[in-house]
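Undergrad: Below is one structure. I have some questions about it.
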Amino acid sequence: NRVETKLLALLAGATIAFGVGVLDDVLGSRFHVGGKAAGQVLAAVVLVAGGVRSDILYYDALNVALTLVWVVGITNAFNLIDNMDGLSAGVAFVASGVLLVNAWLLGELFISLVLVALMGSLLGFLVYNWHPASIFLGDSGSLFIGYVLASLTLLQRYVSHASSTAGR
């Protein structure tokens, strides 16, 4: 089933992104930036291998390249804005809300449910991450959130009516 493959790729890639973040959180400066970048690219490649990619360009190779740049870029963007209490999770919550409206309007029930679950977890986290914060995302949390959001934007764009058709 194509949808199951895509969702499993998202899960596998998110696990890799989270693992890279854990390594960075635990090892700190001993974790080489090249290893962090390679892990993020590997997570994006897993997503592409699962069939999740953009389809806005004429050539498939360009779509793959665009997808890799998009996923690694958005993943890093959430990592970079995780420097103030509540900022990264707050931006992710708002972005998830916008994606939820879009998914709902497209009739993507499953993607909508995934986004609601993500928003619920972000809201539960934000209670403790608001100033003065008592818990923090770290690289593991921010890389995971960025990766999941980047992936969901591609799923939402690429999988039209995925939740309503079992055979796709």
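Lettering and numbering for the structure tokens are positional, with chains as A, B, ... in the shown order, residues counted from 1 in each chain, and ligands counted from 1 in the shown order.
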Could you give me, as a count of residues only, each residue of stretch 33-83 of chain A that DSSP assigns to helix (DSSP H, G or I) when run on this structure's backbone?

TA: 38

Undergrad: Could you pull the residues within 9 Å of stretch 145-157 of chain A, counting only C-alpha atoms, minus those fewer than 6 positions along the same chain, as an MDAnalysis selection string?

TA: chainID A and resid 6:7 10:11 13:14 17:18 40 43:44 47 52:55 67 70:79 88:89 92 95:96 99 102:103 106 108 111 114:115 118

Undergrad: When you draw a straight line from atom CA of A:Phe110 to atom CA of A:Gly141, how long is it in Å?

TA: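 Computing it gives 22.9 Å between the two atoms.
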
Undergrad: Restricting the calculation to only C-alpha atoms: of A:Met119, A:Trp130, A:Leu57, A:Gly124, which residue gets closest to A:Gly86?

TA: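 Between A:Met119, A:Trp130, A:Leu57, A:Gly124, the residue approaching A:Gly86 most closely is A:Trp130.
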
Undergrad: Pick out the residues sitting within 12 Å of A:Leu23, and hand them over as a PyMOL selection string; count only C-alpha atoms, and ignore anything fewer than 6 positions along from it in its own chain.

TA: chain A and resi 16-17+29-33+35-36+39+138-141+143

Undergrad: Tell me which of A:Leu126, A:Val20, A:Leu105, A:Ala12 sits closest to A:Ala49, counting only C-alpha atoms.

TA: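 Closest candidate: A:Ala12.
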
Undergrad: Between A:Asn63, A:Ser112, A:Asn129, A:Ser121, which one has atoms that come closest to A:Leu87, using only C-alpha atoms?

TA: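 Among the listed residues, A:Asn129 lies closest to A:Leu87.
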
Undergrad: Nearest to A:Gly19: which of A:Val127, A:Gly51, A:Leu42, A:Pro132 is it, counting only C-alpha atoms?

TA: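 Looking only at the distances to A:Gly19, the closest residue turns out to be A:Leu42.
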